[in-house]
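For reference, query30.txt (compact mmCIF, C-alpha atoms and all ligand atoms):
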# COMPACT_ATOMS: atom_id res chain seq x y z
CA MET A 1 96.86 92.80 108.81
CA PHE A 2 94.89 91.86 111.98
CA SER A 3 94.02 95.45 112.96
CA ASP A 4 94.85 99.15 112.49
CA ARG A 5 96.95 99.31 115.62
CA PHE A 6 98.96 96.30 114.47
CA ASP A 7 99.68 98.03 111.15
CA GLN A 8 100.56 101.25 112.98
CA LEU A 9 103.05 99.34 115.13
CA VAL A 10 104.62 97.78 112.01
CA GLN A 11 104.91 101.24 110.45
CA ALA A 12 106.38 102.72 113.64
CA LEU A 13 109.04 99.98 113.78
CA ARG A 14 110.13 100.87 110.23
CA ILE A 15 111.89 103.99 111.57
CA LEU A 16 114.56 101.74 113.09
CA PRO A 17 117.73 101.59 110.96
CA SER A 18 117.92 98.58 108.62
CA VAL A 19 114.43 97.32 109.53
CA GLY A 20 112.44 96.58 106.36
CA PRO A 21 108.73 95.72 106.05
CA LYS A 22 109.26 91.99 106.68
CA SER A 23 111.37 92.43 109.82
CA ALA A 24 108.98 95.09 111.13
CA GLN A 25 106.10 92.60 110.82
CA ARG A 26 108.13 89.88 112.50
CA MET A 27 109.07 92.28 115.32
CA ALA A 28 105.46 93.43 115.83
CA LEU A 29 104.21 89.84 116.01
CA HIS A 30 107.00 88.85 118.36
CA LEU A 31 106.17 91.72 120.72
CA ILE A 32 102.41 91.12 120.69
CA MET A 33 102.59 87.32 120.92
CA LYS A 34 105.65 86.72 123.06
CA ASN A 35 106.76 89.81 124.97
CA ARG A 36 104.13 92.41 125.81
CA GLU A 37 105.93 93.32 128.99
CA GLY A 38 109.09 93.97 126.97
CA ALA A 39 107.10 96.10 124.54
CA ILE A 40 105.72 98.24 127.36
CA GLY A 41 109.25 98.53 128.77
CA LEU A 42 110.56 99.62 125.39
CA ALA A 43 107.83 102.27 125.11
CA HIS A 44 108.82 103.58 128.53
CA ALA A 45 112.55 103.59 127.69
CA LEU A 46 111.85 105.49 124.44
CA ASN A 47 109.81 108.14 126.26
CA GLU A 48 112.41 108.52 129.01
CA ALA A 49 115.36 108.72 126.62
CA THR A 50 113.72 111.27 124.30
CA THR A 51 112.69 113.39 127.28
CA TYR A 52 115.93 113.42 129.26
CA ILE A 53 118.85 112.94 126.87
CA HIS A 54 120.33 116.05 125.23
CA GLU A 55 123.65 117.60 124.23
CA CYS A 56 126.40 118.19 126.76
CA SER A 57 126.88 121.96 127.00
CA VAL A 58 130.68 121.56 126.93
CA CYS A 59 131.54 118.82 124.40
CA HIS A 60 128.19 118.43 122.56
CA SER A 61 128.11 114.68 123.16
CA LEU A 62 124.99 113.20 124.83
CA THR A 63 124.06 113.42 128.50
CA GLU A 64 121.10 113.65 130.88
CA ASN A 65 122.77 116.44 132.83
CA GLU A 66 124.06 119.90 131.99
CA ILE A 67 127.60 118.54 131.51
CA CYS A 68 128.48 114.92 130.64
CA ASP A 69 130.41 112.47 132.82
CA ILE A 70 133.47 112.55 130.55
CA CYS A 71 133.71 116.34 130.66
CA LEU A 72 133.27 116.30 134.46
CA SER A 73 135.77 113.50 135.07
CA HIS A 74 138.93 114.41 136.96
CA GLU A 75 140.54 111.14 135.91
CA ARG A 76 140.69 112.08 132.26
CA ASP A 77 143.39 114.21 130.69
CA ASP A 78 142.24 117.80 130.03
CA GLN A 79 145.22 118.40 127.81
CA ILE A 80 144.21 116.05 124.99
CA LEU A 81 141.03 116.79 123.06
CA CYS A 82 139.65 114.32 120.54
CA VAL A 83 137.51 115.97 117.86
CA VAL A 84 134.86 113.75 116.29
CA GLU A 85 131.85 114.22 114.03
CA SER A 86 129.16 112.62 116.20
CA PRO A 87 128.32 110.99 119.56
CA ALA A 88 128.43 107.64 117.72
CA ASP A 89 132.15 108.26 117.21
CA VAL A 90 132.60 109.04 120.92
CA MET A 91 130.95 105.69 121.67
CA ALA A 92 133.18 103.83 119.20
CA ILE A 93 136.40 105.36 120.59
CA GLU A 94 135.31 104.83 124.21
CA GLN A 95 134.59 101.19 123.46
CA SER A 96 138.02 100.79 121.89
CA GLY A 97 139.46 101.80 125.27
CA SER A 98 142.25 103.66 123.49
CA PHE A 99 141.70 107.21 124.74
CA ARG A 100 141.67 108.85 128.18
CA GLY A 101 141.37 112.53 127.25
CA LYS A 102 138.28 114.64 126.58
CA TYR A 103 136.08 115.03 123.52
CA HIS A 104 134.66 117.65 121.23
CA VAL A 105 131.70 116.67 119.01
CA LEU A 106 131.28 118.79 115.89
CA GLY A 107 127.86 117.43 115.02
CA GLY A 108 128.79 116.86 111.37
CA HIS A 109 131.43 117.76 108.81
CA LEU A 110 132.00 120.62 106.39
CA SER A 111 129.80 120.26 103.32
CA PRO A 112 129.70 123.56 101.41
CA LEU A 113 127.27 122.23 98.78
CA ASP A 114 124.72 121.53 101.57
CA GLY A 115 125.35 124.94 103.12
CA ILE A 116 127.26 123.45 106.03
CA GLY A 117 130.22 125.70 106.77
CA PRO A 118 132.44 126.24 109.83
CA GLU A 119 129.67 128.06 111.77
CA GLU A 120 127.19 125.20 111.31
CA ILE A 121 129.52 122.65 112.89
CA GLY A 122 130.58 125.03 115.66
CA ILE A 123 134.21 125.50 114.69
CA PRO A 124 134.33 129.01 116.25
CA TYR A 125 133.25 127.41 119.55
CA LEU A 126 136.00 124.78 119.24
CA VAL A 127 138.60 127.49 118.57
CA GLN A 128 137.29 129.33 121.64
CA ARG A 129 137.72 126.13 123.72
CA LEU A 130 141.30 125.84 122.48
CA ASN A 131 141.90 129.52 123.22
CA GLU A 132 141.37 128.84 126.90
CA GLY A 133 144.86 127.37 126.82
CA LYS A 134 144.30 124.07 128.64
CA VAL A 135 144.60 121.83 125.60
CA ALA A 136 148.06 120.81 124.40
CA GLU A 137 147.06 118.30 121.69
CA VAL A 138 144.03 117.93 119.45
CA ILE A 139 143.47 114.49 117.90
CA LEU A 140 141.47 114.95 114.73
CA ALA A 141 139.22 111.87 114.58
CA THR A 142 136.77 112.97 111.94
CA ASN A 143 135.78 110.19 109.51
CA ALA A 144 138.22 108.94 106.89
CA THR A 145 135.84 110.18 104.18
CA VAL A 146 136.42 113.04 101.74
CA GLU A 147 134.33 115.36 103.96
CA GLY A 148 135.96 114.16 107.18
CA GLN A 149 139.43 114.75 105.70
CA ALA A 150 138.47 118.21 104.45
CA THR A 151 137.10 119.07 107.89
CA ALA A 152 140.35 117.90 109.53
CA HIS A 153 142.43 119.98 107.13
CA TYR A 154 140.22 123.01 107.72
CA LEU A 155 140.70 122.64 111.49
CA VAL A 156 144.49 122.57 111.07
CA GLU A 157 144.29 125.86 109.15
CA ALA A 158 141.81 127.45 111.56
CA THR A 159 144.05 126.77 114.57
CA LYS A 160 147.39 127.66 112.98
CA HIS A 161 147.83 130.67 115.29
CA LEU A 162 147.35 128.57 118.46
CA PRO A 163 150.18 126.76 120.31
CA VAL A 164 148.35 123.44 120.06
CA GLN A 165 149.67 120.25 118.52
CA MET A 166 147.26 118.81 115.91
CA THR A 167 147.37 115.08 115.10
CA ARG A 168 145.24 112.90 112.86
CA ILE A 169 144.21 109.28 113.66
CA ALA A 170 146.14 106.84 111.45
CA GLN A 171 144.67 105.42 108.27
CA GLY A 172 145.60 102.01 106.95
CA VAL A 173 144.64 98.39 106.67
CA PRO A 174 142.22 97.38 109.46
CA GLN A 175 143.25 94.76 112.03
CA GLY A 176 142.71 91.31 110.51
CA GLY A 177 142.18 92.88 107.11
CA GLU A 178 143.16 90.54 104.32
CA LEU A 179 144.85 92.60 101.65
CA GLU A 180 142.88 91.11 98.79
CA TYR A 181 139.65 92.42 100.36
CA VAL A 182 140.90 95.88 101.30
CA ASP A 183 139.87 98.63 98.88
CA SER A 184 142.67 100.04 96.76
CA HIS A 185 142.46 103.58 98.14
CA THR A 186 143.00 102.28 101.67
CA LEU A 187 145.82 100.08 100.44
CA SER A 188 147.59 102.92 98.65
CA GLN A 189 147.26 105.06 101.83
CA ALA A 190 148.68 102.19 103.86
CA VAL A 191 151.69 101.89 101.57
CA HIS A 192 152.22 105.65 101.51
CA ASN A 193 152.04 105.88 105.33
CA ARG A 194 154.22 102.82 105.87
CA MET A 195 156.08 102.73 109.20
CA ARG A 196 159.69 101.79 109.75
CA MET A 197 160.15 98.57 111.74
CA LYS A 198 163.93 98.34 111.80
CA MET B 1 127.57 104.92 127.58
CA PHE B 2 126.43 108.59 127.74
CA SER B 3 123.81 108.06 130.48
CA ASP B 4 121.66 105.54 132.36
CA ARG B 5 118.60 106.20 130.23
CA PHE B 6 120.65 105.67 127.08
CA ASP B 7 121.81 102.28 128.38
CA GLN B 8 118.25 101.42 129.41
CA LEU B 9 117.05 102.20 125.88
CA VAL B 10 119.78 99.98 124.41
CA GLN B 11 118.74 97.16 126.78
CA ALA B 12 115.05 97.63 125.95
CA LEU B 13 115.77 97.41 122.21
CA ARG B 14 117.50 94.05 122.75
CA ILE B 15 114.06 92.38 123.18
CA LEU B 16 113.48 92.81 119.44
CA PRO B 17 114.14 89.60 117.49
CA SER B 18 117.62 89.38 115.92
CA VAL B 19 118.81 92.66 117.48
CA GLY B 20 122.20 92.15 119.14
CA PRO B 21 124.11 94.60 121.36
CA LYS B 22 125.73 96.44 118.44
CA SER B 23 122.49 96.98 116.49
CA ALA B 24 120.68 98.03 119.67
CA GLN B 25 123.32 100.72 120.24
CA ARG B 26 123.08 101.85 116.64
CA MET B 27 119.28 101.99 116.88
CA ALA B 28 119.34 103.96 120.15
CA LEU B 29 121.79 106.51 118.73
CA HIS B 30 119.77 106.81 115.52
CA LEU B 31 116.56 107.48 117.47
CA ILE B 32 118.15 110.02 119.84
CA MET B 33 120.21 111.83 117.21
CA LYS B 34 118.04 111.64 114.11
CA ASN B 35 114.43 110.75 114.87
CA ARG B 36 113.08 111.66 118.30
CA GLU B 37 109.63 112.21 116.87
CA GLY B 38 109.71 108.70 115.41
CA ALA B 39 110.85 107.33 118.77
CA ILE B 40 107.90 108.99 120.54
CA GLY B 41 105.58 107.63 117.84
CA LEU B 42 107.00 104.15 118.31
CA ALA B 43 106.46 104.37 122.09
CA HIS B 44 102.85 105.38 121.46
CA ALA B 45 102.29 102.57 118.93
CA LEU B 46 103.74 100.02 121.37
CA ASN B 47 101.46 101.18 124.17
CA GLU B 48 98.38 101.20 121.93
CA ALA B 49 99.10 97.78 120.41
CA THR B 50 99.77 96.08 123.75
CA THR B 51 96.63 97.63 125.24
CA TYR B 52 94.13 96.92 122.47
CA ILE B 53 95.27 93.84 120.53
CA HIS B 54 94.13 90.44 121.81
CA GLU B 55 92.88 87.05 120.60
CA CYS B 56 89.79 86.73 118.42
CA SER B 57 87.20 84.80 120.45
CA VAL B 58 86.31 82.66 117.43
CA CYS B 59 89.54 81.81 115.56
CA HIS B 60 92.18 82.83 118.17
CA SER B 61 94.03 85.03 115.67
CA LEU B 62 94.68 88.69 116.65
CA THR B 63 92.13 91.52 116.66
CA GLU B 64 91.18 94.73 118.47
CA ASN B 65 87.53 93.66 118.61
CA GLU B 66 85.66 90.73 120.09
CA ILE B 67 85.73 88.91 116.72
CA CYS B 68 88.28 89.52 113.95
CA ASP B 69 87.55 90.88 110.46
CA ILE B 70 88.21 87.54 108.77
CA CYS B 71 85.77 85.67 111.01
CA LEU B 72 83.14 88.38 110.47
CA SER B 73 83.59 88.60 106.70
CA HIS B 74 80.66 87.46 104.56
CA GLU B 75 82.89 87.36 101.50
CA ARG B 76 84.98 84.49 102.80
CA ASP B 77 84.03 80.82 102.53
CA ASP B 78 82.71 79.42 105.85
CA GLN B 79 83.05 75.91 104.52
CA ILE B 80 86.85 75.82 104.36
CA LEU B 81 88.81 76.16 107.58
CA CYS B 82 92.59 76.55 107.55
CA VAL B 83 94.23 75.32 110.77
CA VAL B 84 97.55 76.98 111.62
CA GLU B 85 99.87 77.13 114.61
CA SER B 86 100.07 80.91 115.09
CA PRO B 87 98.85 84.34 113.93
CA ALA B 88 102.18 84.66 112.08
CA ASP B 89 101.02 81.80 109.86
CA VAL B 90 97.67 83.54 109.23
CA MET B 91 99.65 86.56 108.12
CA ALA B 92 101.90 84.51 105.81
CA ILE B 93 98.95 82.75 104.15
CA GLU B 94 96.94 85.98 103.81
CA GLN B 95 99.93 87.65 102.17
CA SER B 96 100.24 84.75 99.71
CA GLY B 97 96.68 85.58 98.58
CA SER B 98 96.01 81.87 98.13
CA PHE B 99 93.13 81.34 100.55
CA ARG B 100 89.63 82.79 100.89
CA GLY B 101 88.19 80.64 103.68
CA LYS B 102 88.37 81.07 107.45
CA TYR B 103 91.09 80.27 109.99
CA HIS B 104 91.63 78.44 113.23
CA VAL B 105 94.76 79.26 115.22
CA LEU B 106 95.92 76.52 117.58
CA GLY B 107 98.43 78.67 119.39
CA GLY B 108 101.16 76.02 119.14
CA HIS B 109 101.70 72.37 118.34
CA LEU B 110 101.60 69.11 120.30
CA SER B 111 104.75 68.64 122.34
CA PRO B 112 104.21 65.92 124.96
CA LEU B 113 107.69 66.35 126.46
CA ASP B 114 106.85 69.98 127.26
CA GLY B 115 103.46 69.02 128.67
CA ILE B 116 101.62 70.42 125.66
CA GLY B 117 98.80 68.03 124.80
CA PRO B 118 95.53 68.41 122.85
CA GLU B 119 93.87 70.47 125.61
CA GLU B 120 96.72 73.00 125.70
CA ILE B 121 96.35 73.83 122.01
CA GLY B 122 92.55 73.85 122.15
CA ILE B 123 91.84 70.79 120.01
CA PRO B 124 88.55 70.08 121.87
CA TYR B 125 87.41 73.60 120.91
CA LEU B 126 88.37 72.98 117.25
CA VAL B 127 86.43 69.70 117.25
CA GLN B 128 83.47 71.59 118.71
CA ARG B 129 83.72 74.18 115.89
CA LEU B 130 83.69 71.35 113.34
CA ASN B 131 80.75 69.71 115.11
CA GLU B 132 78.61 72.72 114.27
CA GLY B 133 78.47 71.26 110.78
CA LYS B 134 79.30 74.35 108.66
CA VAL B 135 82.82 73.26 107.68
CA ALA B 136 83.22 70.85 104.73
CA GLU B 137 87.04 70.91 104.45
CA VAL B 138 89.86 71.49 106.91
CA ILE B 139 93.23 72.46 105.43
CA LEU B 140 95.92 71.42 107.89
CA ALA B 141 98.55 74.12 107.58
CA THR B 142 100.63 73.40 110.66
CA ASN B 143 104.39 73.74 110.11
CA ALA B 144 106.32 71.16 108.08
CA THR B 145 108.31 70.30 111.22
CA VAL B 146 108.18 67.03 113.16
CA GLU B 147 105.81 68.62 115.72
CA GLY B 148 103.65 70.26 113.06
CA GLN B 149 103.32 66.95 111.21
CA ALA B 150 102.45 65.10 114.41
CA THR B 151 99.82 67.72 115.23
CA ALA B 152 98.29 67.37 111.75
CA HIS B 153 98.17 63.59 112.07
CA TYR B 154 96.60 63.87 115.52
CA LEU B 155 93.90 66.16 114.12
CA VAL B 156 93.05 63.66 111.38
CA GLU B 157 92.56 60.98 114.06
CA ALA B 158 90.61 63.26 116.39
CA THR B 159 88.11 64.17 113.67
CA LYS B 160 87.71 60.73 112.12
CA HIS B 161 84.07 60.51 113.22
CA LEU B 162 83.13 63.80 111.55
CA PRO B 163 82.00 64.14 107.91
CA VAL B 164 84.76 66.68 107.18
CA GLN B 165 87.40 66.38 104.48
CA MET B 166 90.93 66.84 105.88
CA THR B 167 93.74 68.03 103.58
CA ARG B 168 97.36 68.92 104.21
CA ILE B 169 99.25 71.73 102.48
CA ALA B 170 101.73 70.31 99.96
CA GLN B 171 105.39 69.85 100.80
CA GLY B 172 108.11 70.00 98.23
CA VAL B 173 110.80 72.12 96.62
CA PRO B 174 110.11 75.86 97.15
CA GLN B 175 109.47 78.12 94.15
CA GLY B 176 112.82 79.10 92.66
CA GLY B 177 114.54 76.46 94.78
CA GLU B 178 117.70 75.19 93.15
CA LEU B 179 117.89 71.47 93.80
CA GLU B 180 121.50 71.52 94.88
CA TYR B 181 120.60 73.87 97.76
CA VAL B 182 117.43 72.09 98.89
CA ASP B 183 117.88 69.85 101.94
CA SER B 184 117.70 66.15 101.23
CA HIS B 185 114.62 65.50 103.36
CA THR B 186 112.62 68.05 101.38
CA LEU B 187 113.96 66.61 98.17
CA SER B 188 113.00 63.05 99.07
CA GLN B 189 109.50 64.28 100.03
CA ALA B 190 109.26 66.10 96.71
CA VAL B 191 110.18 62.97 94.77
CA HIS B 192 107.78 60.85 96.81
CA ASN B 193 104.89 63.31 96.29
CA ARG B 194 105.63 63.83 92.59
CA MET B 195 102.66 64.88 90.49
CA ARG B 196 101.66 63.51 87.12
CA MET B 197 101.97 66.04 84.30
CA LYS B 198 100.82 63.93 81.35
ZN ZN C 201 130.63 116.65 127.63
ZN ZN C 202 88.75 85.44 114.10

This structure in structure tokens:
Amino acid sequence: MFSDRFDQLVQALRILPSVGPKSAQRMALHLIMKNREGAIGLAHALNEATTYIHECSVCHSLTENEICDICLSHERDDQILCVVESPADVMAIEQSGSFRGKYHVLGGHLSPLDGIGPEEIGIPYLVQRLNEGKVAEVILATNATVEGQATAHYLVEATKHLPVQMTRIAQGVPQGGELEYVDSHTLSQAVHNRMRMK
Amino acid sequence: MFSDRFDQLVQALRILPSVGPKSAQRMALHLIMKNREGAIGLAHALNEATTYIHECSVCHSLTENEICDICLSHERDDQILCVVESPADVMAIEQSGSFRGKYHVLGGHLSPLDGIGPEEIGIPYLVQRLNEGKVAEVILATNATVEGQATAHYLVEATKHLPVQMTRIAQGVPQGGELEYVDSHTLSQAVHNRMRMK
């Protein structure tokens, strides 16, 4: 439609998650008709971000420097390490404001059928971090999926010999969750892990 | 989160229509973690599109050239001119495959309270195009909003002296529209404009 470069822009916008052909067209038209300055700014931000953002050499989260702000912070507790699958999980936990320790990003979960074993998600490197002796508790915050659970269990086994406490984030009914809409697996977990109130 | 450039990318993505703070974060993480090449391609497409796409000098739709492909086409009927508010409308009508004439994009609708009169949406230029004598029918395809209707009525008045047939796209119940979900104004229009079947 209109021109080759318009169609190329529509195609390029399709790489964004949950943007289908119709929204990509609407976005392209919006940028060209109503916000060219914004479009140029977005192009710049994309180039900057892809050039300068990379993995933190300590925790494997994202940073523009050698080591990320969280790893460098003296205000965060070195003794508690939260293990997650991805930087998206770091972001989610940070935004919940519920954690003031440090992180370790695995970059995935165990998935033997896809050839992803302990080496591929850097478990030896995590064990080495724990070996340094600073960490007293590891919070296993891998996803509550089959693979995330298996990865958590594997980590408990792999660190058996270390004097480190291993905990797992709680599973249950989400805040505001109406029971009739909660899936039955979650519900059965919630009943099984029920907590004493009195 | 993570770094300044990450936050700048999230902010820059917010200019996209119907992208809120949460989706912008998800998009930024997706691009950085899973598709850097796509992100660089998107930056390039944005720069190219904003540099090379502009208004067609004849119909005021979008093109990379002086005159757009539709205006230049010899396979399209010069005698029927479809008047729309924006290039988005040209796109919608082209994709419906229902029209093989030429277009005229007003670039808006009359809105006296906002200081948008006939001059601002180029009605003198449209009248001049019609004065050339090639066009036999004008299809008024401005939006079915109060302003779009007013603009269509104004155009009928402004071209009264010209030997040009003026038609308006039909209004009624949309294809597949279940009556109970159609708004009552549309429904009353549909009853009023009912068509004889026998
Ligand atoms: Zn770090
Ligand atoms: Zn044109």

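Between ligand ZN 202 (chain C) and the candidates A:Ser184, A:Ala49, A:Glu120, A:Ser3, the tightest atom-to-atom separation, counting only C-alpha atoms and all ligand atoms, involves A:Ser3.
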
Exercise for review: Please extract the residues at most 8 Å from ligand ZN 202 (chain C), counting only C-alpha atoms and all ligand atoms, and provide them as a PyMOL selection string, using the chain letters and residue numbers of this document.
Suggested key: chain B and resi 55-63+67-72+102-104

Find the residues in chain B near chain A: any atom within 7 Å counts, using all atoms listed in the file. Write them as a PDB file with C-alpha atoms, in the frame of the given file.
ATOM      1  CA  MET B   1     127.570 104.920 127.580  1.00  0.00           C
ATOM      2  CA  PHE B   2     126.430 108.590 127.740  1.00  0.00           C
ATOM      3  CA  SER B   3     123.810 108.060 130.480  1.00  0.00           C
ATOM      4  CA  ARG B   5     118.600 106.200 130.230  1.00  0.00           C
ATOM      5  CA  PHE B   6     120.650 105.670 127.080  1.00  0.00           C
ATOM      6  CA  GLN B   8     118.250 101.420 129.410  1.00  0.00           C
ATOM      7  CA  LEU B   9     117.050 102.200 125.880  1.00  0.00           C
ATOM      8  CA  ALA B  12     115.050  97.630 125.950  1.00  0.00           C
ATOM      9  CA  LEU B  13     115.770  97.410 122.210  1.00  0.00           C
ATOM     10  CA  ILE B  15     114.060  92.380 123.180  1.00  0.00           C
ATOM     11  CA  LEU B  16     113.480  92.810 119.440  1.00  0.00           C
ATOM     12  CA  PRO B  17     114.140  89.600 117.490  1.00  0.00           C
ATOM     13  CA  MET B  27     119.280 101.990 116.880  1.00  0.00           C
ATOM     14  CA  LEU B  29     121.790 106.510 118.730  1.00  0.00           C
ATOM     15  CA  ILE B  32     118.150 110.020 119.840  1.00  0.00           C
ATOM     16  CA  ARG B  36     113.080 111.660 118.300  1.00  0.00           C
ATOM     17  CA  GLY B  38     109.710 108.700 115.410  1.00  0.00           C
ATOM     18  CA  ALA B  39     110.850 107.330 118.770  1.00  0.00           C
ATOM     19  CA  ILE B  40     107.900 108.990 120.540  1.00  0.00           C
ATOM     20  CA  GLY B  41     105.580 107.630 117.840  1.00  0.00           C
ATOM     21  CA  LEU B  42     107.000 104.150 118.310  1.00  0.00           C
ATOM     22  CA  ALA B  43     106.460 104.370 122.090  1.00  0.00           C
ATOM     23  CA  HIS B  44     102.850 105.380 121.460  1.00  0.00           C
ATOM     24  CA  ALA B  45     102.290 102.570 118.930  1.00  0.00           C
ATOM     25  CA  LEU B  46     103.740 100.020 121.370  1.00  0.00           C
ATOM     26  CA  ASN B  47     101.460 101.180 124.170  1.00  0.00           C
ATOM     27  CA  GLU B  48      98.380 101.200 121.930  1.00  0.00           C
ATOM     28  CA  ALA B  49      99.100  97.780 120.410  1.00  0.00           C
ATOM     29  CA  THR B  50      99.770  96.080 123.750  1.00  0.00           C
ATOM     30  CA  LEU B  62      94.680  88.690 116.650  1.00  0.00           C
ATOM     31  CA  THR B  63      92.130  91.520 116.660  1.00  0.00           C
ATOM     32  CA  GLU B  64      91.180  94.730 118.470  1.00  0.00           C
ATOM     33  CA  ALA B  88     102.180  84.660 112.080  1.00  0.00           C
ATOM     34  CA  MET B  91      99.650  86.560 108.120  1.00  0.00           C
TER      35      MET B  91
END

Review point. Using all atoms listed in the file, which of the listed residues (A:Pro112, A:Gly101, A:Gly133, A:Pro21) sits closest to ligand ZN 201 (chain C)?
Key: A:Gly101

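Going from atom CA of Val105 of chain A over to atom CA of Val84 of chain A, you cover 5.1 Å.
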
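Closest approach to Leu113 of chain A among A:Val135, A:Glu147, A:Met166, A:Leu140 is made by A:Glu147 (distances from only C-alpha atoms).
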
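Look at everything within 12 Å of (128.9, 118.8, 101.9) using all atoms listed in the file, and the residues you get are Gly108, His109, Leu110, Ser111, Pro112, Leu113, Asp114, Gly115, Ile116, Gly117, Pro118, Glu120, Ile121, Thr145, Val146, Glu147, Gly148, Gln149, Ala150 and Thr151 of chain A.
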
Review point. Around (141.4, 105.9, 98.7) in the file's own coordinates, what residues are found within 12 Å if you use all atoms listed in the file, given back as a ChimeraX atom specification?
Key: /A:144-146,149,171-173,182-192

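When atom CA of Arg129 of chain A is paired with atom CA of Lys34 of chain B, their separation reads 26.3 Å.
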
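Here atom CA of Arg168 of chain B and atom CA of Glu119 of chain B stand 21.7 Å from one another.
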
Revision key, fill the gap. The residue from A:Ala92, A:Val164, A:Ala152, A:Leu106 with the smallest atom-to-atom distance to ligand ZN 201 (chain C), counting all atoms listed in the file, is A:Leu106

Within 12 Å of Phe99 of chain A using all atoms listed in the file, minus same-chain residues under 6 positions, as a CSV table (one decimal) with C-alpha atoms, in the coordinates of the input:
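Heads up, here's the output in selection_31.csv:
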chain,number,residue,atom,x,y,z
A,70,ILE,CA,133.5,112.6,130.6
A,75,GLU,CA,140.5,111.1,135.9
A,76,ARG,CA,140.7,112.1,132.3
A,77,ASP,CA,143.4,114.2,130.7
A,78,ASP,CA,142.2,117.8,130.0
A,80,ILE,CA,144.2,116.0,125.0
A,81,LEU,CA,141.0,116.8,123.1
A,82,CYS,CA,139.6,114.3,120.5
A,83,VAL,CA,137.5,116.0,117.9
A,90,VAL,CA,132.6,109.0,120.9
A,91,MET,CA,131.0,105.7,121.7
A,92,ALA,CA,133.2,103.8,119.2
A,93,ILE,CA,136.4,105.4,120.6
A,139,ILE,CA,143.5,114.5,117.9
A,141,ALA,CA,139.2,111.9,114.6
A,169,ILE,CA,144.2,109.3,113.7

Practice item. For Val127 of chain B, work out the shell of residues within 8 Å, counting only C-alpha atoms and skipping chain neighbours fewer than 4 positions away, then give it as an MDAnalysis selection string. Key: chainID B and resid 123 131 158:159

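Shortest separation to ligand ZN 201 (chain C) among A:Thr167, A:Glu66, A:Pro174, A:Lys22 occurs at residue A:Glu66, atoms counted being all atoms listed in the file.
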
Is it possible to get the axis-aligned box enclosing segment 77-86 of chain A (all listed atoms, 4 Å extra per side) as JSON, with centre and edge lengths in Å rounded to one decimal?
{"center_x": 137.2, "center_y": 115.5, "center_z": 122.4, "size_x": 24.1, "size_y": 13.8, "size_z": 24.7}

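Minimum atom-to-atom distance to ligand ZN 201 (chain C), evaluated using only C-alpha atoms and all ligand atoms, belongs to A:Ser73 out of A:Ser73, A:Val138, A:Tyr125, A:Leu155.
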